[in-house]
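Presented below is the structure to which this report refers.
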Amino acid sequence: MEFDKASAQFVYEAQDLNGTEKLAAFLANKAEPGTVIALDGDLGAGKTAFAQLFAKHLNVKDTVNSPTFTLIKEYEGRLPFYHMDVYRLSQAEADELGLDEYFYGHGVTLVEWASLIEDILPPEILHIYVETVTENKRRMTLIGRGKRYEQWTKILKENGV
Ligand SMILES: Nc1ncnc2c1ncn2[C@@H]1O[C@H](COP(=O)(O)OP(=O)(O)O)[C@@H](O)[C@H]1O
Ligand SMILES: [Mg+2]
């Protein structure tokens with residue numbers, strides 16, 4: 001499969017929240033209309049923390065809260081920012097919500113627990129798997145699916161965060 005190419009994968013070790021912020025800033029600066037970032041990882045891994053830092057660097061001024069109960073929240077930054085948490089959503093429910101409007105819209109979408117709606121994610125996404133290593137250390141595995149995102153992981157591999 002194309003996304004198994006070595007260049008499409010980048011493993012990043014964030015030593016602490018500042019390390020997570022560096023990666024979030026890099027990606028927020030790269031974001032374009034239609035950018036979709038899928039986040040997966042256990043409860044407390046740091047998906048929402050990453051989203052908050054990403055939003056900060058996208059120049060979102062409002063407070064970004066976990067959208068666990070609202071499913072989708074929209075914010076205004078350099079680009080519109082759509083923050084989703086699909087933990088409580090079945091694939092069928094997600095189908096009905098018409099998430100493509102967000103995915104292919106003018107803004108940037110970040111999806112927590114994205115694997116739960118794998119079948120309806122766009123084919124081209126940046127997938128980030130977050131793992132807890134210690135209290136503050138996180139391992140983030142980035143997989144670029146599609147040319148645009150493969151390019152990002154390639155830059156990260158070559159230059160670091
Ligand atoms: N390097 C790090 N990256 C992300 N979160 C971290 C890091 N170090 C500590 N944390 C803490 O871990 C917790 C992650 O919680 P949260 O982002 O809500 O997780 P999730 O959304 O994945 O369930 C937060 O309290 C955050 O401050
Ligand atoms: Mg969360």
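By order in the structure tokens, chains are A, B, ...; within a chain, residues start at 1; ligands start at 1, following the order shown.
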Hey, which residues come within 8 Å of ligand 1 if we count only C-alpha atoms and all ligand atoms? Could you give them as a compact mmCIF listing (two decimals) with all heavy atoms, in the first residue's frame?
# COMPACT_ATOMS: atom_id res chain seq x y z
N ALA A 14 7.72 13.27 21.99
CA ALA A 14 7.54 14.54 22.70
C ALA A 14 7.93 14.29 24.15
O ALA A 14 7.34 13.45 24.82
CB ALA A 14 6.09 15.00 22.60
N GLN A 15 8.95 15.01 24.61
CA GLN A 15 9.43 14.80 25.99
C GLN A 15 8.44 15.34 27.01
O GLN A 15 8.39 14.89 28.15
CB GLN A 15 10.79 15.47 26.18
CG GLN A 15 11.90 14.91 25.28
CD GLN A 15 12.09 13.41 25.41
OE1 GLN A 15 12.01 12.86 26.51
NE2 GLN A 15 12.32 12.73 24.29
N ASP A 16 7.67 16.33 26.59
CA ASP A 16 6.68 16.95 27.48
C ASP A 16 5.69 17.73 26.61
O ASP A 16 5.74 17.66 25.38
CB ASP A 16 7.38 17.88 28.49
CG ASP A 16 8.33 18.86 27.82
OD1 ASP A 16 8.10 19.19 26.63
OD2 ASP A 16 9.30 19.30 28.46
N LEU A 17 4.84 18.51 27.27
CA LEU A 17 3.82 19.27 26.55
C LEU A 17 4.45 20.26 25.56
O LEU A 17 3.88 20.52 24.50
CB LEU A 17 2.94 20.00 27.58
CG LEU A 17 1.46 20.21 27.26
CD1 LEU A 17 0.78 18.94 26.78
CD2 LEU A 17 0.75 20.75 28.50
N ASN A 18 5.62 20.79 25.90
CA ASN A 18 6.30 21.70 24.97
C ASN A 18 6.69 20.98 23.68
O ASN A 18 6.62 21.55 22.59
CB ASN A 18 7.56 22.29 25.61
CG ASN A 18 7.22 23.36 26.63
OD1 ASN A 18 6.21 24.06 26.49
ND2 ASN A 18 8.04 23.46 27.67
N GLY A 19 7.09 19.74 23.82
CA GLY A 19 7.43 18.94 22.65
C GLY A 19 6.20 18.71 21.79
O GLY A 19 6.26 18.78 20.56
N THR A 20 5.10 18.45 22.44
CA THR A 20 3.83 18.26 21.72
C THR A 20 3.46 19.56 21.00
O THR A 20 3.01 19.55 19.86
CB THR A 20 2.72 17.85 22.70
OG1 THR A 20 3.08 16.59 23.27
CG2 THR A 20 1.37 17.70 22.00
N GLU A 21 3.71 20.67 21.68
CA GLU A 21 3.37 21.97 21.08
C GLU A 21 4.20 22.24 19.83
O GLU A 21 3.69 22.80 18.86
CB GLU A 21 3.58 23.10 22.11
CG GLU A 21 3.23 24.46 21.51
CD GLU A 21 2.98 25.55 22.55
OE1 GLU A 21 3.24 25.31 23.75
OE2 GLU A 21 2.51 26.64 22.14
N ASP A 40 -5.61 9.18 17.13
CA ASP A 40 -6.00 8.00 17.88
C ASP A 40 -5.05 7.80 19.05
O ASP A 40 -3.90 8.23 19.00
CB ASP A 40 -6.01 6.76 16.98
CG ASP A 40 -7.33 6.62 16.25
OD1 ASP A 40 -8.34 6.35 16.93
OD2 ASP A 40 -7.37 6.82 15.02
N GLY A 41 -5.54 7.14 20.06
CA GLY A 41 -4.74 6.90 21.26
C GLY A 41 -5.68 6.77 22.44
O GLY A 41 -6.80 7.29 22.40
N ASP A 42 -5.19 6.09 23.48
CA ASP A 42 -6.03 5.84 24.66
C ASP A 42 -6.51 7.13 25.32
O ASP A 42 -5.97 8.20 25.08
CB ASP A 42 -5.22 5.04 25.69
CG ASP A 42 -4.91 3.64 25.20
OD1 ASP A 42 -5.58 3.17 24.26
OD2 ASP A 42 -3.98 3.02 25.75
N LEU A 43 -7.48 6.96 26.18
CA LEU A 43 -7.96 8.07 27.00
C LEU A 43 -6.78 8.65 27.78
O LEU A 43 -6.01 7.90 28.38
CB LEU A 43 -9.01 7.52 27.97
CG LEU A 43 -10.01 8.51 28.56
CD1 LEU A 43 -10.93 9.04 27.49
CD2 LEU A 43 -10.83 7.84 29.66
N GLY A 44 -6.64 9.95 27.72
CA GLY A 44 -5.55 10.61 28.45
C GLY A 44 -4.22 10.62 27.72
O GLY A 44 -3.21 11.10 28.25
N ALA A 45 -4.20 10.10 26.50
CA ALA A 45 -2.95 10.08 25.74
C ALA A 45 -2.51 11.50 25.38
O ALA A 45 -1.31 11.80 25.33
CB ALA A 45 -3.12 9.24 24.48
N GLY A 46 -3.49 12.35 25.10
CA GLY A 46 -3.15 13.73 24.76
C GLY A 46 -3.75 14.22 23.46
O GLY A 46 -3.26 15.19 22.88
N LYS A 47 -4.81 13.59 23.02
CA LYS A 47 -5.45 14.00 21.77
C LYS A 47 -6.03 15.42 21.90
O LYS A 47 -5.81 16.27 21.03
CB LYS A 47 -6.57 13.00 21.39
CG LYS A 47 -6.04 11.57 21.19
CD LYS A 47 -7.15 10.59 20.81
CE LYS A 47 -8.21 10.37 21.86
NZ LYS A 47 -7.67 9.81 23.14
N THR A 48 -6.76 15.65 22.99
CA THR A 48 -7.35 16.98 23.18
C THR A 48 -6.25 18.01 23.45
O THR A 48 -6.31 19.14 22.93
CB THR A 48 -8.38 16.96 24.33
OG1 THR A 48 -9.43 16.06 23.98
CG2 THR A 48 -8.97 18.34 24.57
N ALA A 49 -5.25 17.62 24.23
CA ALA A 49 -4.13 18.56 24.49
C ALA A 49 -3.48 18.96 23.17
O ALA A 49 -3.18 20.14 22.94
CB ALA A 49 -3.12 17.89 25.41
N PHE A 50 -3.28 18.00 22.29
CA PHE A 50 -2.70 18.29 20.97
C PHE A 50 -3.62 19.24 20.20
O PHE A 50 -3.16 20.21 19.59
CB PHE A 50 -2.48 17.00 20.18
CG PHE A 50 -1.97 17.25 18.79
CD1 PHE A 50 -0.61 17.39 18.55
CD2 PHE A 50 -2.86 17.40 17.73
CE1 PHE A 50 -0.14 17.67 17.28
CE2 PHE A 50 -2.40 17.68 16.46
CZ PHE A 50 -1.04 17.81 16.23
N ALA A 51 -4.92 18.97 20.24
CA ALA A 51 -5.89 19.80 19.52
C ALA A 51 -5.85 21.24 20.02
O ALA A 51 -5.93 22.20 19.23
CB ALA A 51 -7.30 19.22 19.68
N SER A 66 -12.76 19.85 25.20
CA SER A 66 -12.98 18.53 24.64
C SER A 66 -14.39 18.45 24.08
O SER A 66 -15.35 18.76 24.76
CB SER A 66 -12.78 17.47 25.71
OG SER A 66 -13.08 16.21 25.16
N GLU A 112 -10.75 13.30 16.94
CA GLU A 112 -10.29 12.41 18.00
C GLU A 112 -11.03 11.08 17.89
O GLU A 112 -12.21 11.05 17.60
CB GLU A 112 -10.56 13.03 19.38
CG GLU A 112 -9.76 14.32 19.61
CD GLU A 112 -9.81 14.81 21.04
OE1 GLU A 112 -9.86 13.97 21.98
OE2 GLU A 112 -9.80 16.04 21.23
N VAL A 130 -1.16 8.45 19.16
CA VAL A 130 -0.48 8.98 20.35
C VAL A 130 -0.41 7.89 21.42
O VAL A 130 -1.42 7.26 21.75
CB VAL A 130 -1.25 10.20 20.93
CG1 VAL A 130 -0.42 10.84 22.04
CG2 VAL A 130 -1.57 11.21 19.84
N GLU A 135 4.62 9.93 32.39
CA GLU A 135 3.60 10.93 32.72
C GLU A 135 3.53 12.05 31.69
O GLU A 135 2.45 12.49 31.29
CB GLU A 135 3.89 11.50 34.12
CG GLU A 135 2.74 12.34 34.63
CD GLU A 135 3.06 13.01 35.97
OE1 GLU A 135 4.07 12.61 36.60
OE2 GLU A 135 2.30 13.91 36.35
N ASN A 136 4.70 12.54 31.27
CA ASN A 136 4.71 13.68 30.35
C ASN A 136 5.24 13.37 28.96
O ASN A 136 5.18 14.20 28.06
CB ASN A 136 5.54 14.82 30.95
CG ASN A 136 4.89 15.39 32.19
OD1 ASN A 136 3.68 15.63 32.22
ND2 ASN A 136 5.68 15.56 33.23
N LYS A 137 5.77 12.17 28.80
CA LYS A 137 6.36 11.81 27.50
C LYS A 137 5.34 11.07 26.63
O LYS A 137 4.65 10.17 27.11
CB LYS A 137 7.60 10.96 27.75
CG LYS A 137 8.44 10.71 26.53
CD LYS A 137 9.76 10.03 26.91
CE LYS A 137 10.44 9.50 25.68
NZ LYS A 137 11.69 8.79 26.02
N ARG A 138 5.30 11.44 25.36
CA ARG A 138 4.38 10.81 24.42
C ARG A 138 5.11 10.40 23.15
O ARG A 138 5.97 11.13 22.67
CB ARG A 138 3.26 11.78 24.02
CG ARG A 138 2.42 12.29 25.19
CD ARG A 138 1.59 11.19 25.81
NE ARG A 138 0.70 11.68 26.86
CZ ARG A 138 1.03 11.78 28.14
NH1 ARG A 138 2.24 11.43 28.56
NH2 ARG A 138 0.15 12.24 29.03
Item to complete: Mind listing the alpha helix (DSSP H) residues of chain A, per DSSP on the backbone, as a VMD selection string?
Response: chain A and resid 17 to 30 47 to 57 91 to 97 100 to 103 147 to 159
Contacts of stretch 73-81 of chain A at 8 Å (only C-alpha atoms; same-chain gap of 3+ positions) as a PDB file with N, CA, C and O atoms, in the first residue's frame:
ATOM      1  N   GLU A  32      -4.004  23.685   5.502  1.00  0.00           N
ATOM      2  CA  GLU A  32      -4.654  24.382   4.392  1.00  0.00           C
ATOM      3  C   GLU A  32      -6.146  24.053   4.452  1.00  0.00           C
ATOM      4  O   GLU A  32      -6.543  23.120   5.153  1.00  0.00           O
ATOM      5  N   PRO A  33      -6.963  24.773   3.680  1.00  0.00           N
ATOM      6  CA  PRO A  33      -8.373  24.367   3.617  1.00  0.00           C
ATOM      7  C   PRO A  33      -8.472  22.895   3.191  1.00  0.00           C
ATOM      8  O   PRO A  33      -7.798  22.484   2.251  1.00  0.00           O
ATOM      9  N   ALA A  55      -4.784  24.371  17.776  1.00  0.00           N
ATOM     10  CA  ALA A  55      -5.696  25.522  17.630  1.00  0.00           C
ATOM     11  C   ALA A  55      -4.973  26.820  17.982  1.00  0.00           C
ATOM     12  O   ALA A  55      -5.125  27.840  17.294  1.00  0.00           O
ATOM     13  N   LEU A  58      -3.019  27.904  15.208  1.00  0.00           N
ATOM     14  CA  LEU A  58      -3.859  28.267  14.065  1.00  0.00           C
ATOM     15  C   LEU A  58      -4.508  29.628  14.358  1.00  0.00           C
ATOM     16  O   LEU A  58      -5.363  30.106  13.614  1.00  0.00           O
ATOM     17  N   ASN A  59      -4.094  30.200  15.467  1.00  0.00           N
ATOM     18  CA  ASN A  59      -4.610  31.517  15.889  1.00  0.00           C
ATOM     19  C   ASN A  59      -6.066  31.513  16.313  1.00  0.00           C
ATOM     20  O   ASN A  59      -6.771  32.510  16.127  1.00  0.00           O
ATOM     21  N   VAL A  60      -6.497  30.410  16.878  1.00  0.00           N
ATOM     22  CA  VAL A  60      -7.845  30.354  17.460  1.00  0.00           C
ATOM     23  C   VAL A  60      -7.755  31.028  18.823  1.00  0.00           C
ATOM     24  O   VAL A  60      -6.919  30.664  19.650  1.00  0.00           O
ATOM     25  N   LYS A  61      -8.598  32.031  19.052  1.00  0.00           N
ATOM     26  CA  LYS A  61      -8.522  32.779  20.311  1.00  0.00           C
ATOM     27  C   LYS A  61      -9.443  32.201  21.386  1.00  0.00           C
ATOM     28  O   LYS A  61      -9.195  32.357  22.575  1.00  0.00           O
ATOM     29  N   ASP A  62     -10.514  31.560  20.960  1.00  0.00           N
ATOM     30  CA  ASP A  62     -11.447  30.977  21.935  1.00  0.00           C
ATOM     31  C   ASP A  62     -10.817  29.780  22.633  1.00  0.00           C
ATOM     32  O   ASP A  62      -9.903  29.158  22.115  1.00  0.00           O
ATOM     33  N   PRO A  67     -14.550  18.043  22.833  1.00  0.00           N
ATOM     34  CA  PRO A  67     -15.886  17.978  22.239  1.00  0.00           C
ATOM     35  C   PRO A  67     -16.574  16.629  22.451  1.00  0.00           C
ATOM     36  O   PRO A  67     -17.426  16.233  21.665  1.00  0.00           O
ATOM     37  N   THR A  70     -20.306  17.161  22.562  1.00  0.00           N
ATOM     38  CA  THR A  70     -20.902  17.959  21.487  1.00  0.00           C
ATOM     39  C   THR A  70     -20.580  17.387  20.111  1.00  0.00           C
ATOM     40  O   THR A  70     -21.151  17.828  19.123  1.00  0.00           O
ATOM     41  N   MET A  84     -13.513  17.515  16.256  1.00  0.00           N
ATOM     42  CA  MET A  84     -14.490  16.440  16.474  1.00  0.00           C
ATOM     43  C   MET A  84     -13.978  15.420  17.480  1.00  0.00           C
ATOM     44  O   MET A  84     -12.777  15.171  17.556  1.00  0.00           O
ATOM     45  N   HIS A 106     -13.850  24.554   4.023  1.00  0.00           N
ATOM     46  CA  HIS A 106     -12.835  25.613   3.952  1.00  0.00           C
ATOM     47  C   HIS A 106     -11.837  25.546   5.098  1.00  0.00           C
ATOM     48  O   HIS A 106     -10.854  26.267   5.096  1.00  0.00           O
ATOM     49  N   GLY A 107     -12.141  24.732   6.069  1.00  0.00           N
ATOM     50  CA  GLY A 107     -11.320  24.734   7.277  1.00  0.00           C
ATOM     51  C   GLY A 107     -10.449  23.501   7.434  1.00  0.00           C
ATOM     52  O   GLY A 107     -10.249  22.707   6.515  1.00  0.00           O
ATOM     53  N   VAL A 108      -9.928  23.358   8.653  1.00  0.00           N
ATOM     54  CA  VAL A 108      -9.073  22.246   9.040  1.00  0.00           C
ATOM     55  C   VAL A 108      -9.867  21.390  10.014  1.00  0.00           C
ATOM     56  O   VAL A 108     -10.453  21.910  10.959  1.00  0.00           O
ATOM     57  N   THR A 109      -9.877  20.082   9.781  1.00  0.00           N
ATOM     58  CA  THR A 109     -10.604  19.186  10.687  1.00  0.00           C
ATOM     59  C   THR A 109      -9.635  18.326  11.470  1.00  0.00           C
ATOM     60  O   THR A 109      -8.683  17.764  10.911  1.00  0.00           O
ATOM     61  N   LEU A 110      -9.892  18.221  12.766  1.00  0.00           N
ATOM     62  CA  LEU A 110      -9.110  17.332  13.626  1.00  0.00           C
ATOM     63  C   LEU A 110     -10.099  16.387  14.299  1.00  0.00           C
ATOM     64  O   LEU A 110     -11.071  16.836  14.907  1.00  0.00           O
TER      65      LEU A 110
END
Excluding A:Thr35 and residues on its chain fewer than 5 positions from it, collect all residues at most 12 Å away from it, counting only C-alpha atoms, and give them as a compact mmCIF listing (two decimals) with all heavy atoms, in the first residue's frame.
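selection.txt was written with the following content:
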# COMPACT_ATOMS: atom_id res chain seq x y z
N LEU A 27 2.42 21.56 12.32
CA LEU A 27 1.27 21.12 11.52
C LEU A 27 0.26 22.24 11.32
O LEU A 27 -0.34 22.36 10.25
CB LEU A 27 0.63 19.89 12.17
CG LEU A 27 1.54 18.65 12.21
CD1 LEU A 27 0.89 17.53 13.01
CD2 LEU A 27 1.87 18.17 10.80
N ALA A 28 0.07 23.08 12.33
CA ALA A 28 -0.87 24.21 12.20
C ALA A 28 -0.39 25.17 11.12
O ALA A 28 -1.19 25.74 10.38
CB ALA A 28 -1.02 24.93 13.53
N ASN A 29 0.93 25.32 11.02
CA ASN A 29 1.46 26.20 9.99
C ASN A 29 1.33 25.61 8.60
O ASN A 29 1.24 26.33 7.61
CB ASN A 29 2.92 26.54 10.29
CG ASN A 29 3.03 27.49 11.47
OD1 ASN A 29 2.17 28.35 11.67
ND2 ASN A 29 4.06 27.32 12.28
N LYS A 30 1.32 24.29 8.53
CA LYS A 30 1.18 23.60 7.23
C LYS A 30 -0.28 23.53 6.77
O LYS A 30 -0.55 23.36 5.58
CB LYS A 30 1.70 22.16 7.35
CG LYS A 30 3.20 22.06 7.37
CD LYS A 30 3.73 21.89 5.97
CE LYS A 30 5.24 21.86 5.92
NZ LYS A 30 5.80 23.06 5.27
N LEU A 79 -7.71 29.79 9.77
CA LEU A 79 -8.71 29.06 8.97
C LEU A 79 -9.77 28.60 9.95
O LEU A 79 -9.52 28.52 11.15
CB LEU A 79 -8.07 27.81 8.35
CG LEU A 79 -6.94 27.97 7.35
CD1 LEU A 79 -6.24 26.64 7.13
CD2 LEU A 79 -7.50 28.49 6.04
N PRO A 80 -10.97 28.27 9.47
CA PRO A 80 -11.93 27.65 10.38
C PRO A 80 -11.33 26.35 10.93
O PRO A 80 -10.60 25.66 10.22
CB PRO A 80 -13.14 27.35 9.49
CG PRO A 80 -13.02 28.28 8.34
CD PRO A 80 -11.53 28.45 8.12
N PHE A 81 -11.61 26.08 12.18
CA PHE A 81 -11.08 24.88 12.82
C PHE A 81 -12.26 24.03 13.31
O PHE A 81 -13.08 24.49 14.08
CB PHE A 81 -10.18 25.27 14.00
CG PHE A 81 -9.68 24.12 14.82
CD1 PHE A 81 -9.02 23.04 14.22
CD2 PHE A 81 -9.83 24.11 16.20
CE1 PHE A 81 -8.55 21.97 14.99
CE2 PHE A 81 -9.36 23.05 16.97
CZ PHE A 81 -8.73 21.98 16.36
N TYR A 82 -12.36 22.81 12.80
CA TYR A 82 -13.43 21.88 13.18
C TYR A 82 -12.84 20.80 14.06
O TYR A 82 -11.98 20.03 13.61
CB TYR A 82 -14.06 21.25 11.94
CG TYR A 82 -14.42 22.22 10.84
CD1 TYR A 82 -13.97 22.01 9.54
CD2 TYR A 82 -15.20 23.35 11.10
CE1 TYR A 82 -14.28 22.90 8.52
CE2 TYR A 82 -15.52 24.25 10.09
CZ TYR A 82 -15.05 24.01 8.80
OH TYR A 82 -15.35 24.89 7.80
N ASP A 100 -18.52 14.94 5.59
CA ASP A 100 -17.77 15.40 4.41
C ASP A 100 -17.82 16.91 4.24
O ASP A 100 -16.89 17.52 3.72
CB ASP A 100 -18.33 14.74 3.13
CG ASP A 100 -17.78 13.33 2.94
OD1 ASP A 100 -16.97 12.90 3.79
OD2 ASP A 100 -18.17 12.69 1.95
N TYR A 102 -17.46 19.00 6.46
CA TYR A 102 -16.31 19.52 7.20
C TYR A 102 -15.01 19.12 6.55
O TYR A 102 -14.13 19.94 6.29
CB TYR A 102 -16.33 19.01 8.65
CG TYR A 102 -17.52 19.50 9.43
CD1 TYR A 102 -18.68 18.72 9.54
CD2 TYR A 102 -17.51 20.75 10.03
CE1 TYR A 102 -19.78 19.18 10.25
CE2 TYR A 102 -18.60 21.22 10.73
CZ TYR A 102 -19.73 20.42 10.85
OH TYR A 102 -20.82 20.89 11.53
N PHE A 103 -14.89 17.81 6.26
CA PHE A 103 -13.64 17.28 5.71
C PHE A 103 -13.21 18.02 4.43
O PHE A 103 -12.03 18.27 4.22
CB PHE A 103 -13.76 15.78 5.39
CG PHE A 103 -14.01 14.91 6.59
CD1 PHE A 103 -14.76 13.74 6.45
CD2 PHE A 103 -13.50 15.24 7.83
CE1 PHE A 103 -14.99 12.92 7.54
CE2 PHE A 103 -13.73 14.42 8.94
CZ PHE A 103 -14.48 13.26 8.78
N TYR A 104 -14.19 18.30 3.60
CA TYR A 104 -13.87 18.92 2.30
C TYR A 104 -14.26 20.40 2.28
O TYR A 104 -14.44 20.98 1.22
CB TYR A 104 -14.56 18.16 1.16
CG TYR A 104 -14.09 16.71 1.06
CD1 TYR A 104 -14.87 15.66 1.58
CD2 TYR A 104 -12.87 16.40 0.48
CE1 TYR A 104 -14.44 14.34 1.50
CE2 TYR A 104 -12.42 15.09 0.39
CZ TYR A 104 -13.21 14.06 0.91
OH TYR A 104 -12.78 12.77 0.84
N GLY A 105 -14.37 20.98 3.46
CA GLY A 105 -14.78 22.38 3.55
C GLY A 105 -13.60 23.35 3.50
O GLY A 105 -12.52 23.01 3.03
N HIS A 106 -13.85 24.55 4.02
CA HIS A 106 -12.83 25.61 3.95
C HIS A 106 -11.84 25.55 5.10
O HIS A 106 -10.85 26.27 5.10
CB HIS A 106 -13.52 26.99 3.97
CG HIS A 106 -14.48 27.17 2.85
ND1 HIS A 106 -14.06 27.23 1.54
CD2 HIS A 106 -15.83 27.30 2.83
CE1 HIS A 106 -15.11 27.39 0.76
NE2 HIS A 106 -16.20 27.42 1.52
N GLY A 107 -12.14 24.73 6.07
CA GLY A 107 -11.32 24.73 7.28
C GLY A 107 -10.45 23.50 7.43
O GLY A 107 -10.25 22.71 6.52
N VAL A 108 -9.93 23.36 8.65
CA VAL A 108 -9.07 22.25 9.04
C VAL A 108 -9.87 21.39 10.01
O VAL A 108 -10.45 21.91 10.96
CB VAL A 108 -7.84 22.77 9.80
CG1 VAL A 108 -6.89 21.63 10.12
CG2 VAL A 108 -7.16 23.86 9.03
N THR A 109 -9.88 20.08 9.78
CA THR A 109 -10.60 19.19 10.69
C THR A 109 -9.64 18.33 11.47
O THR A 109 -8.68 17.76 10.91
CB THR A 109 -11.55 18.25 9.90
OG1 THR A 109 -12.39 19.04 9.05
CG2 THR A 109 -12.42 17.43 10.84
N LEU A 110 -9.89 18.22 12.77
CA LEU A 110 -9.11 17.33 13.63
C LEU A 110 -10.10 16.39 14.30
O LEU A 110 -11.07 16.84 14.91
CB LEU A 110 -8.38 18.21 14.63
CG LEU A 110 -7.11 17.65 15.23
CD1 LEU A 110 -6.17 18.79 15.55
CD2 LEU A 110 -7.49 16.90 16.47
N VAL A 111 -9.88 15.09 14.15
CA VAL A 111 -10.83 14.09 14.64
C VAL A 111 -10.21 13.22 15.73
O VAL A 111 -9.25 12.49 15.46
CB VAL A 111 -11.30 13.14 13.51
CG1 VAL A 111 -12.47 12.28 13.99
CG2 VAL A 111 -11.67 13.90 12.26
N LEU A 121 -13.68 8.28 6.71
CA LEU A 121 -12.63 9.30 6.67
C LEU A 121 -12.21 9.50 5.21
O LEU A 121 -12.26 8.56 4.42
CB LEU A 121 -11.41 8.86 7.48
CG LEU A 121 -11.56 8.80 9.00
CD1 LEU A 121 -10.28 8.21 9.60
CD2 LEU A 121 -11.84 10.17 9.59
N PRO A 122 -11.78 10.70 4.86
CA PRO A 122 -11.27 10.88 3.50
C PRO A 122 -10.05 9.98 3.27
O PRO A 122 -9.34 9.65 4.22
CB PRO A 122 -10.84 12.35 3.47
CG PRO A 122 -11.54 13.00 4.60
CD PRO A 122 -11.72 11.95 5.64
N PRO A 123 -9.80 9.58 2.03
CA PRO A 123 -8.65 8.71 1.76
C PRO A 123 -7.32 9.41 2.05
O PRO A 123 -6.35 8.76 2.38
CB PRO A 123 -8.79 8.38 0.27
CG PRO A 123 -9.71 9.42 -0.28
CD PRO A 123 -10.60 9.85 0.83
N GLU A 124 -7.32 10.72 1.94
CA GLU A 124 -6.08 11.46 2.19
C GLU A 124 -6.18 12.18 3.52
O GLU A 124 -6.95 13.14 3.67
CB GLU A 124 -5.83 12.46 1.05
CG GLU A 124 -5.81 11.76 -0.30
CD GLU A 124 -4.94 12.47 -1.33
OE1 GLU A 124 -4.58 13.64 -1.10
OE2 GLU A 124 -4.65 11.84 -2.37
N ILE A 125 -5.40 11.70 4.48
CA ILE A 125 -5.39 12.29 5.82
C ILE A 125 -3.99 12.17 6.41
O ILE A 125 -3.18 11.39 5.94
CB ILE A 125 -6.37 11.57 6.79
CG1 ILE A 125 -6.03 10.08 6.90
CG2 ILE A 125 -7.82 11.78 6.40
CD1 ILE A 125 -6.81 9.34 7.97
N LEU A 126 -3.76 12.94 7.46
CA LEU A 126 -2.59 12.69 8.30
C LEU A 126 -3.11 11.98 9.53
O LEU A 126 -3.96 12.51 10.24
CB LEU A 126 -1.89 13.99 8.71
CG LEU A 126 -0.67 13.76 9.61
CD1 LEU A 126 0.49 13.16 8.79
CD2 LEU A 126 -0.22 15.04 10.29
N HIS A 127 -2.63 10.76 9.75
CA HIS A 127 -3.07 10.01 10.92
C HIS A 127 -1.99 10.08 11.99
O HIS A 127 -0.82 9.84 11.71
CB HIS A 127 -3.34 8.55 10.52
CG HIS A 127 -4.43 7.93 11.31
ND1 HIS A 127 -5.46 7.21 10.75
CD2 HIS A 127 -4.69 7.97 12.64
CE1 HIS A 127 -6.29 6.81 11.71
NE2 HIS A 127 -5.84 7.26 12.86
N GLY A 144 1.35 9.67 6.88
CA GLY A 144 0.77 10.50 5.83
C GLY A 144 0.14 9.63 4.77
O GLY A 144 0.79 8.78 4.18
N ARG A 145 -1.15 9.83 4.54
CA ARG A 145 -1.86 9.09 3.49
C ARG A 145 -2.24 10.09 2.40
O ARG A 145 -3.03 10.99 2.64
CB ARG A 145 -3.11 8.43 4.05
CG ARG A 145 -2.86 7.54 5.28
CD ARG A 145 -4.09 6.74 5.64
NE ARG A 145 -4.10 6.31 7.02
CZ ARG A 145 -3.44 5.25 7.51
NH1 ARG A 145 -2.72 4.50 6.70
NH2 ARG A 145 -3.51 4.94 8.78
N GLY A 146 -1.64 9.93 1.26
CA GLY A 146 -1.87 10.88 0.17
C GLY A 146 -0.67 11.81 0.04
O GLY A 146 0.05 12.03 1.00
N ARG A 148 -0.06 15.08 -0.26
CA ARG A 148 0.14 16.27 0.57
C ARG A 148 0.74 15.89 1.92
O ARG A 148 1.71 16.50 2.39
CB ARG A 148 -1.22 16.96 0.78
CG ARG A 148 -1.09 18.22 1.60
CD ARG A 148 -2.38 18.73 2.26
NE ARG A 148 -3.60 18.67 1.48
CZ ARG A 148 -4.68 19.40 1.78
NH1 ARG A 148 -4.67 20.25 2.78
NH2 ARG A 148 -5.78 19.27 1.07
N TYR A 149 0.19 14.84 2.52
CA TYR A 149 0.60 14.46 3.87
C TYR A 149 1.90 13.67 3.86
O TYR A 149 2.67 13.73 4.81
CB TYR A 149 -0.53 13.71 4.57
CG TYR A 149 -1.81 14.52 4.60
CD1 TYR A 149 -2.88 14.21 3.77
CD2 TYR A 149 -1.92 15.62 5.43
CE1 TYR A 149 -4.04 14.96 3.77
CE2 TYR A 149 -3.08 16.39 5.45
CZ TYR A 149 -4.13 16.05 4.61
OH TYR A 149 -5.28 16.82 4.61
N TRP A 152 4.53 16.16 4.07
CA TRP A 152 4.76 16.67 5.44
C TRP A 152 5.64 15.72 6.24
O TRP A 152 6.58 16.14 6.91
CB TRP A 152 3.43 16.83 6.19
CG TRP A 152 2.51 17.88 5.65
CD1 TRP A 152 2.70 18.65 4.53
CD2 TRP A 152 1.26 18.28 6.21
NE1 TRP A 152 1.63 19.48 4.35
CE2 TRP A 152 0.74 19.29 5.37
CE3 TRP A 152 0.54 17.89 7.33
CZ2 TRP A 152 -0.48 19.91 5.63
CZ3 TRP A 152 -0.67 18.50 7.60
CH2 TRP A 152 -1.18 19.50 6.75
Fill in: Test item: residues at most 9 Å from A:Ile128, only C-alpha atoms, excluding those fewer than 5 positions along its chain, as a VMD selection string
chain A and resid 37 to 41 140 to 144
Practice prompt. Please indicate the distance in Å from atom CA of A:Trp113 to atom CA of A:Glu158, rounded to one decimal place.
Written response: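 Atom CA of A:Trp113 sits 28.4 Å away from atom CA of A:Glu158.
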Discussion item. Based on the backbone DSSP call, show me all residues of stretch 26-149 of chain A assigned strand (DSSP E), as a PyMOL selection string.
Written reply: chain A and resi 36-40+72-76+80-85+108-112+125-132+138-145
Worksheet item: In Å, with one decimal, what is the gap from atom CA of A:Val36 to atom CA of A:Ala114?
Response: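 That distance, rounded to one decimal, is 10.4 Å.
Reported to one decimal place, the separation of atom CA of A:Val11 from atom CA of A:Glu131 is 10.9 Å.
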Practice prompt. Considering only C-alpha atoms, state which residue in the set A:Arg88, A:His83, A:Lys157, A:Lys147 is at the smallest distance from A:Gln52.
Written response: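 Distance minimum relative to A:Gln52 lands on A:His83.
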